[in-house]
$ cat run_14.json   # JSON, C-alpha atoms
[["chain", "number", "residue", "atom", "x", "y", "z"],
["A", 132, "ALA", "CA", -9.42, 0.46, 18.70],
["A", 133, "PRO", "CA", -5.82, 0.06, 17.47],
["A", 134, "LEU", "CA", -3.63, 3.15, 17.41],
["A", 135, "LEU", "CA", -1.01, 3.70, 14.69],
["A", 136, "MET", "CA", 2.02, 5.57, 16.00],
["A", 137, "LEU", "CA", 3.44, 7.66, 13.14],
["A", 138, "PRO", "CA", 6.62, 9.64, 12.65],
["A", 139, "MET", "CA", 6.20, 13.40, 13.08],
["A", 140, "SER", "CA", 6.18, 13.90, 9.32],
["A", 141, "GLU", "CA", 4.72, 11.57, 6.74],
["A", 142, "THR", "CA", 6.21, 13.38, 3.78],
["A", 143, "TYR", "CA", 9.60, 14.33, 2.40],
["A", 144, "SER", "CA", 11.20, 15.84, -0.65],
["A", 145, "GLY", "CA", 14.20, 14.89, -2.72],
["A", 146, "GLY", "CA", 15.68, 15.65, -6.10],
["A", 147, "GLY", "CA", 13.59, 18.79, -6.38],
["A", 148, "LEU", "CA", 10.30, 16.87, -6.35],
["A", 149, "ALA", "CA", 8.04, 16.46, -3.34],
["A", 150, "HIS", "CA", 6.64, 13.07, -2.33],
["A", 151, "GLY", "CA", 4.25, 11.67, 0.19],
["A", 152, "PRO", "CA", 0.64, 12.51, 0.98],
["A", 153, "GLY", "CA", 1.42, 16.16, 1.73],
["A", 154, "GLY", "CA", 4.44, 16.47, -0.54],
["A", 155, "ILE", "CA", 6.67, 18.33, 1.94],
["A", 156, "LEU", "CA", 9.55, 17.98, 4.42],
["A", 157, "SER", "CA", 12.12, 15.23, 4.91],
["A", 158, "TRP", "CA", 12.95, 11.94, 6.60],
["A", 159, "ARG", "CA", 14.89, 8.90, 5.46],
["A", 160, "ARG", "CA", 14.06, 6.36, 8.17],
["A", 161, "ALA", "CA", 10.98, 5.84, 10.30],
["A", 162, "ARG", "CA", 9.50, 3.27, 12.67],
["A", 163, "TYR", "CA", 5.77, 2.61, 12.66],
["A", 164, "VAL", "CA", 4.07, 0.87, 15.59],
["A", 165, "LEU", "CA", 0.47, -0.32, 15.80],
["A", 166, "ARG", "CA", -0.71, -0.41, 19.43],
["A", 167, "GLY", "CA", -3.78, -2.21, 20.69],
["A", 168, "ALA", "CA", -6.41, -0.74, 22.98],
["A", 169, "ASP", "CA", -4.51, -2.27, 25.90],
["A", 170, "GLY", "CA", -1.41, -0.21, 25.02],
["A", 171, "ARG", "CA", 0.62, -3.21, 23.86],
["A", 172, "ASP", "CA", 2.40, -3.24, 20.53],
["A", 173, "VAL", "CA", 0.44, -5.31, 17.99],
["A", 174, "ALA", "CA", 2.96, -5.01, 15.15],
["A", 175, "ALA", "CA", 5.77, -2.74, 13.99],
["A", 176, "LEU", "CA", 7.89, -2.01, 10.95],
["A", 177, "ASP", "CA", 10.93, 0.02, 9.99],
["A", 178, "CYS", "CA", 10.86, 2.06, 6.78],
["A", 179, "ALA", "CA", 13.89, 3.30, 4.84],
["A", 180, "VAL", "CA", 13.44, 5.81, 2.01],
["A", 181, "GLU", "CA", 15.63, 5.70, -1.09],
["A", 182, "PRO", "CA", 15.21, 8.36, -3.82],
["A", 183, "ARG", "CA", 15.34, 6.97, -7.36],
["A", 184, "GLY", "CA", 15.29, 9.81, -9.85],
["A", 185, "ALA", "CA", 11.90, 11.50, -9.66],
["A", 186, "ASP", "CA", 10.42, 8.58, -7.70],
["A", 187, "VAL", "CA", 11.14, 6.99, -4.33],
["A", 188, "THR", "CA", 11.49, 3.42, -3.09],
["A", 189, "LYS", "CA", 10.42, 2.57, 0.44],
["A", 190, "ARG", "CA", 11.95, -0.55, 1.98],
["A", 191, "LEU", "CA", 9.74, -1.91, 4.73],
["A", 192, "HIS", "CA", 10.97, -4.42, 7.29],
["A", 193, "PHE", "CA", 8.22, -5.83, 9.49],
["A", 194, "ASP", "CA", 9.16, -7.19, 12.90],
["A", 195, "GLY", "CA", 9.21, -10.93, 12.44],
["A", 196, "GLY", "CA", 11.14, -10.87, 9.18],
["A", 197, "VAL", "CA", 8.76, -9.93, 6.34],
["A", 198, "GLU", "CA", 10.44, -7.45, 3.98],
["A", 199, "LEU", "CA", 8.82, -5.55, 1.14],
["A", 200, "GLU", "CA", 9.83, -2.80, -1.27],
["A", 201, "VAL", "CA", 7.16, -0.38, -2.54],
["A", 202, "ALA", "CA", 7.26, 2.50, -5.00],
["A", 203, "GLU", "CA", 6.10, 6.03, -4.43],
["A", 204, "LEU", "CA", 5.79, 8.24, -7.48],
["A", 205, "ALA", "CA", 6.15, 11.95, -8.04],
["A", 206, "ALA", "CA", 2.78, 13.56, -7.35],
["A", 207, "THR", "CA", 1.99, 14.07, -11.04],
["A", 208, "ALA", "CA", 3.08, 10.63, -12.30],
["A", 209, "CYS", "CA", 0.88, 8.20, -14.23],
["A", 210, "GLY", "CA", -2.37, 10.15, -13.88],
["A", 211, "SER", "CA", -2.63, 8.51, -10.48],
["A", 212, "GLY", "CA", -4.78, 11.11, -8.74],
["A", 213, "THR", "CA", -4.01, 10.47, -5.07],
["A", 214, "GLY", "CA", -2.52, 7.04, -5.81],
["A", 215, "HIS", "CA", 1.09, 8.19, -6.12],
["A", 216, "ALA", "CA", 1.84, 8.05, -2.38],
["A", 217, "LEU", "CA", 2.09, 5.42, 0.34],
["A", 218, "TRP", "CA", -0.57, 6.69, 2.72],
["A", 219, "PRO", "CA", -0.47, 6.12, 6.51],
["A", 220, "GLY", "CA", -3.70, 4.12, 6.38],
["A", 221, "ALA", "CA", -2.05, 1.55, 4.08],
["A", 222, "ILE", "CA", 0.80, 1.16, 6.59],
["A", 223, "GLY", "CA", -1.72, 0.80, 9.42],
["A", 224, "LEU", "CA", -3.70, -1.84, 7.51],
["A", 225, "ALA", "CA", -0.57, -3.84, 6.68],
["A", 226, "LEU", "CA", 0.47, -3.67, 10.35],
["A", 227, "TRP", "CA", -3.01, -4.79, 11.41],
["A", 228, "LEU", "CA", -2.81, -7.76, 9.02],
["A", 229, "HIS", "CA", 0.64, -8.62, 10.38],
["A", 230, "GLY", "CA", -0.44, -8.37, 14.01],
["A", 231, "ASN", "CA", -3.61, -10.40, 13.45],
["A", 232, "ARG", "CA", -2.26, -13.00, 11.01],
["A", 233, "GLU", "CA", -2.99, -15.91, 13.37],
["A", 234, "GLY", "CA", -6.73, -15.32, 13.02],
["A", 235, "LEU", "CA", -6.72, -14.94, 9.24],
["A", 236, "ALA", "CA", -6.44, -17.51, 6.44],
["A", 237, "PRO", "CA", -7.54, -15.81, 3.22],
["A", 238, "GLY", "CA", -7.60, -17.82, 0.01],
["A", 239, "ALA", "CA", -8.30, -14.81, -2.19],
["A", 240, "ALA", "CA", -8.04, -11.08, -1.52],
["A", 241, "VAL", "CA", -8.73, -7.89, -3.44],
["A", 242, "GLU", "CA", -7.28, -4.47, -2.67],
["A", 243, "LEU", "CA", -9.46, -1.58, -3.81],
["A", 244, "GLY", "CA", -7.70, 1.65, -4.80],
["A", 245, "CYS", "CA", -4.23, 0.23, -4.19],
["A", 246, "GLY", "CA", -2.33, 3.13, -5.80],
["A", 247, "ALA", "CA", 1.33, 2.84, -6.78],
["A", 248, "ALA", "CA", 2.44, 1.27, -3.49],
["A", 249, "ALA", "CA", -0.22, -1.48, -3.05],
["A", 250, "LEU", "CA", 1.23, -2.22, 0.38],
["A", 251, "PRO", "CA", -1.73, -4.07, 1.96],
["A", 252, "GLY", "CA", -2.22, -6.28, -1.11],
["A", 253, "LEU", "CA", 1.44, -7.11, -1.63],
["A", 254, "PHE", "CA", 1.88, -7.73, 2.09],
["A", 255, "THR", "CA", -1.11, -10.10, 2.03],
["A", 256, "ALA", "CA", 0.48, -12.09, -0.81],
["A", 257, "LEU", "CA", 3.71, -12.40, 1.21],
["A", 258, "GLU", "CA", 2.18, -13.05, 4.62],
["A", 259, "PHE", "CA", -0.40, -15.61, 3.50],
["A", 260, "PRO", "CA", 1.23, -18.06, 1.06],
["A", 261, "GLY", "CA", -1.33, -19.52, -1.32],
["A", 262, "CYS", "CA", -3.59, -16.44, -1.16],
["A", 263, "PHE", "CA", -4.32, -15.05, -4.63],
["A", 264, "VAL", "CA", -4.41, -11.22, -4.52],
["A", 265, "THR", "CA", -6.00, -8.87, -7.05],
["A", 266, "LEU", "CA", -4.68, -5.30, -6.91],
["A", 267, "THR", "CA", -7.07, -2.72, -8.34],
["A", 268, "ASP", "CA", -6.84, 0.97, -9.09],
["A", 269, "GLY", "CA", -8.61, 3.44, -11.36],
["A", 270, "ALA", "CA", -5.36, 4.66, -12.99],
["A", 271, "PRO", "CA", -4.43, 2.26, -15.82],
["A", 272, "ASP", "CA", -0.86, 3.59, -16.07],
["A", 273, "LEU", "CA", -0.09, 2.23, -12.59],
["A", 274, "LEU", "CA", -0.58, -1.42, -13.63],
["A", 275, "PRO", "CA", 2.91, -2.09, -15.10],
["A", 276, "GLY", "CA", 4.56, -0.77, -11.93],
["A", 277, "LEU", "CA", 2.28, -2.90, -9.76],
["A", 278, "ARG", "CA", 3.23, -6.00, -11.74],
["A", 279, "ARG", "CA", 6.93, -5.13, -11.37],
["A", 280, "ALA", "CA", 6.46, -4.69, -7.61],
["A", 281, "ALA", "CA", 4.84, -8.13, -7.37],
["A", 282, "ALA", "CA", 7.76, -9.64, -9.31],
["A", 283, "ARG", "CA", 10.31, -7.92, -7.02],
["A", 284, "ALA", "CA", 8.50, -9.41, -4.02],
["A", 285, "ASN", "CA", 8.50, -12.86, -5.71],
["A", 286, "VAL", "CA", 4.70, -13.06, -5.52],
["A", 287, "ASP", "CA", 3.90, -12.31, -9.17],
["A", 288, "VAL", "CA", 2.33, -15.74, -9.74],
["A", 289, "MET", "CA", -0.12, -15.01, -6.91],
["A", 290, "VAL", "CA", -0.89, -11.37, -7.77],
["A", 291, "ASP", "CA", -2.95, -9.84, -10.56],
["A", 292, "ALA", "CA", -3.22, -6.09, -11.22],
["A", 293, "ARG", "CA", -6.20, -4.61, -13.02],
["A", 294, "VAL", "CA", -8.15, -1.42, -13.56],
["A", 295, "HIS", "CA", -11.26, -1.18, -11.44],
["A", 296, "ASN", "CA", -13.22, 1.90, -10.36],
["A", 297, "TYR", "CA", -15.71, 1.26, -7.60],
["A", 298, "GLY", "CA", -18.45, 3.86, -7.37],
["A", 299, "ASP", "CA", -18.23, 6.48, -10.10],
["A", 300, "GLY", "CA", -14.49, 7.09, -9.64],
["A", 301, "SER", "CA", -14.98, 10.86, -9.33],
["A", 302, "PHE", "CA", -14.09, 11.31, -5.67],
["A", 303, "ASP", "CA", -10.32, 11.63, -6.11],
["A", 304, "GLY", "CA", -9.95, 13.35, -9.46],
["A", 305, "LEU", "CA", -9.32, 10.29, -11.62],
["A", 306, "ALA", "CA", -9.99, 10.80, -15.30],
["A", 307, "ALA", "CA", -13.57, 9.93, -16.17],
["A", 308, "THR", "CA", -12.24, 8.15, -19.26],
["A", 309, "ALA", "CA", -10.41, 5.47, -17.23],
["A", 310, "ARG", "CA", -11.74, 2.07, -18.29],
["A", 311, "ALA", "CA", -13.58, 0.54, -15.36],
["A", 312, "ALA", "CA", -13.85, -3.20, -15.05],
["A", 313, "ALA", "CA", -17.30, -4.55, -14.40],
["A", 314, "ALA", "CA", -17.83, -5.63, -10.80],
["A", 315, "ASP", "CA", -18.26, -9.24, -11.91],
["A", 316, "ASP", "CA", -14.88, -9.02, -13.69],
["A", 317, "LEU", "CA", -13.17, -9.39, -10.31],
["A", 318, "ALA", "CA", -12.72, -12.85, -8.85],
["A", 319, "PRO", "CA", -14.58, -13.55, -5.60],
["A", 320, "ALA", "CA", -12.52, -12.75, -2.52],
["A", 321, "ASP", "CA", -12.82, -13.64, 1.14],
["A", 322, "LEU", "CA", -10.70, -10.64, 2.19],
["A", 323, "VAL", "CA", -11.34, -7.13, 0.84],
["A", 324, "LEU", "CA", -8.68, -4.51, 1.59],
["A", 325, "GLY", "CA", -8.99, -0.75, 1.32],
["A", 326, "ALA", "CA", -7.03, 2.02, 3.03],
["A", 327, "GLU", "CA", -7.78, 5.72, 2.65],
["A", 328, "ILE", "CA", -9.77, 5.10, -0.50],
["A", 329, "ALA", "CA", -12.76, 7.35, 0.14],
["A", 330, "TYR", "CA", -12.71, 10.88, 1.45],
["A", 331, "ARG", "CA", -14.01, 14.35, 0.75],
["A", 332, "ALA", "CA", -11.55, 17.02, -0.34]]
$ encode --input "run_14.json" --output "structure tokens"
Amino acid sequence: APLLMLPMSETYSGGGLAHGPGGILSWRRARYVLRGADGRDVAALDCAVEPRGADVTKRLHFDGGVELEVAELAATACGSGTGHALWPGAIGLALWLHGNREGLAPGAAVELGCGAAALPGLFTALEFPGCFVTLTDGAPDLLPGLRRAAARANVDVMVDARVHNYGDGSFDGLAATARAAAADDLAPADLVLGAEIAYRA
């Protein structure tokens, strides 16, 4: 099984507001490496953190030249539940996609529970030209930011963002009133992405 090598701390604070999955501590630059079972590096990226008011921008540079900028919101922003942060599983999934790109050729992809960062979905749109990607989350207020992120990455014509709760949506504290798209409202996809989208608190 692949092993994701992480920095000592996944979280940081700035401007008086905490960010990241745990919402504590500090770092501005990190290198992430995905290693295969044989101990060889499968893929790697460098991450630079830039505070922007109450939010944070993470600039990701994947070995091989792919660059992407993702947003991370203050923990209470946009009614996002747990979707405010870029979680380590999303980084690991994007690295796995990058390291295994030769064996993949998706025409359509959907990311479930993409949160504010939507890293796996946006990366898929960049890494696989011609792949149409649907980003989904249960927090409707995240959609404008997801569309802006797709435009910044120059993949907005290949990316759609929409509200979609799979299951009953109750597992991560999302408001029960969030409008859920019907399952058949999503276009068929030959690649389904999901990172750290189901857990028990």
$ residues_around --input "run_14.json" --residues "region 248-264 of chain A" --least-positions-apart "6" --cutoff "10 Å" --atoms "all atoms listed in the file" --output "PyMOL selection string"
chain A and resi 188-189+191+193+197-204+214-218+220-229+232+235-242+273+276-277+280-281+284-292+318+320-326
$ atom_distance --input "run_14.json" --atom1 "CA of Leu165 (chain A)" --atom2 "CA of Thr213 (chain A)"
23.9 Å
$ atom_distance --input "run_14.json" --atom1 "CA of Pro319 (chain A)" --atom2 "CA of Gly269 (chain A)"
18.9 Å
$ atom_distance --input "run_14.json" --atom1 "CA of Ile328 (chain A)" --atom2 "CA of His295 (chain A)"
12.7 Å
$ closest_residue --input "run_14.json" --among "A:Gly234, A:Asp172, A:Arg159, A:Ala247" --to "Asp186 (chain A)" --atoms "all atoms listed in the file"
A:Ala247
$ closest_residue --input "run_14.json" --among "A:Cys245, A:Ala282, A:Ala175, A:Leu274" --to "Tyr163 (chain A)" --atoms "only C-alpha atoms"
A:Ala175
$ axis_aligned_box --input "run_14.json" --around "region 273-284 of chain A" --padding-each-side "3 Å" --output "AutoDock Vina command-line options"
--center_x 4.9 --center_y -3.7 --center_z -9.6 --size_x 16.9 --size_y 17.9 --size_z 17.1
$ build_atoms --input "run_14.json" --residues "region 273-284 of chain A" --atoms "all heavy atoms" --output "short mmCIF file (atom, residue, chain, number, x, y, z; two decimals), in the frame of the given file"
data_model
loop_
_atom_site.label_atom_id
_atom_site.label_comp_id
_atom_site.auth_asym_id
_atom_site.auth_seq_id
_atom_site.Cartn_x
_atom_site.Cartn_y
_atom_site.Cartn_z
N LEU A 273 -0.77 2.80 -13.75
CA LEU A 273 -0.09 2.23 -12.59
C LEU A 273 0.14 0.72 -12.72
O LEU A 273 1.00 0.17 -12.04
CB LEU A 273 -0.90 2.49 -11.31
CG LEU A 273 -0.99 3.93 -10.84
CD1 LEU A 273 -1.85 4.00 -9.57
CD2 LEU A 273 0.39 4.52 -10.58
N LEU A 274 -0.61 0.05 -13.57
CA LEU A 274 -0.58 -1.42 -13.63
C LEU A 274 0.80 -2.00 -13.91
O LEU A 274 1.21 -2.95 -13.22
CB LEU A 274 -1.61 -1.94 -14.62
CG LEU A 274 -3.06 -1.58 -14.32
CD1 LEU A 274 -3.99 -2.26 -15.31
CD2 LEU A 274 -3.45 -1.91 -12.90
N PRO A 275 1.58 -1.50 -14.88
CA PRO A 275 2.91 -2.09 -15.10
C PRO A 275 3.80 -2.01 -13.86
O PRO A 275 4.51 -2.98 -13.55
CB PRO A 275 3.48 -1.26 -16.26
CG PRO A 275 2.29 -0.73 -16.98
CD PRO A 275 1.26 -0.49 -15.90
N GLY A 276 3.76 -0.91 -13.15
CA GLY A 276 4.56 -0.77 -11.93
C GLY A 276 4.10 -1.72 -10.84
O GLY A 276 4.92 -2.26 -10.09
N LEU A 277 2.80 -1.95 -10.75
CA LEU A 277 2.28 -2.90 -9.76
C LEU A 277 2.75 -4.32 -10.08
O LEU A 277 3.13 -5.08 -9.18
CB LEU A 277 0.76 -2.84 -9.71
CG LEU A 277 0.17 -1.54 -9.18
CD1 LEU A 277 -1.34 -1.52 -9.39
CD2 LEU A 277 0.52 -1.36 -7.72
N ARG A 278 2.75 -4.66 -11.34
CA ARG A 278 3.23 -6.00 -11.74
C ARG A 278 4.72 -6.15 -11.46
O ARG A 278 5.18 -7.21 -11.03
CB ARG A 278 2.90 -6.25 -13.21
CG ARG A 278 1.39 -6.38 -13.43
CD ARG A 278 1.02 -6.66 -14.87
NE ARG A 278 -0.42 -6.76 -14.99
CZ ARG A 278 -1.17 -5.91 -15.69
NH1 ARG A 278 -0.61 -4.94 -16.40
NH2 ARG A 278 -2.48 -6.06 -15.73
N ARG A 279 5.49 -5.09 -11.69
CA ARG A 279 6.93 -5.13 -11.37
C ARG A 279 7.15 -5.28 -9.87
O ARG A 279 8.03 -6.03 -9.42
CB ARG A 279 7.65 -3.88 -11.89
CG ARG A 279 7.85 -3.87 -13.40
CD ARG A 279 8.79 -2.76 -13.84
NE ARG A 279 8.32 -1.42 -13.50
CZ ARG A 279 7.48 -0.70 -14.24
NH1 ARG A 279 6.99 -1.20 -15.37
NH2 ARG A 279 7.12 0.51 -13.86
N ALA A 280 6.34 -4.59 -9.07
CA ALA A 280 6.46 -4.69 -7.61
C ALA A 280 6.17 -6.12 -7.14
O ALA A 280 6.86 -6.64 -6.27
CB ALA A 280 5.51 -3.70 -6.93
N ALA A 281 5.16 -6.75 -7.73
CA ALA A 281 4.84 -8.13 -7.37
C ALA A 281 6.00 -9.07 -7.74
O ALA A 281 6.34 -9.97 -6.98
CB ALA A 281 3.55 -8.57 -8.05
N ALA A 282 6.62 -8.82 -8.90
CA ALA A 282 7.76 -9.64 -9.31
C ALA A 282 8.95 -9.44 -8.37
O ALA A 282 9.61 -10.41 -7.99
CB ALA A 282 8.15 -9.31 -10.75
N ARG A 283 9.21 -8.18 -7.96
CA ARG A 283 10.31 -7.92 -7.02
C ARG A 283 10.09 -8.63 -5.69
O ARG A 283 11.03 -9.06 -5.04
CB ARG A 283 10.46 -6.41 -6.76
CG ARG A 283 11.29 -5.68 -7.77
CD ARG A 283 11.66 -4.28 -7.28
NE ARG A 283 10.56 -3.49 -6.76
CZ ARG A 283 9.73 -2.75 -7.49
NH1 ARG A 283 9.88 -2.67 -8.80
NH2 ARG A 283 8.77 -2.06 -6.92
N ALA A 284 8.83 -8.75 -5.29
CA ALA A 284 8.50 -9.41 -4.02
C ALA A 284 8.39 -10.93 -4.18
O ALA A 284 8.10 -11.63 -3.22
CB ALA A 284 7.20 -8.85 -3.47
#
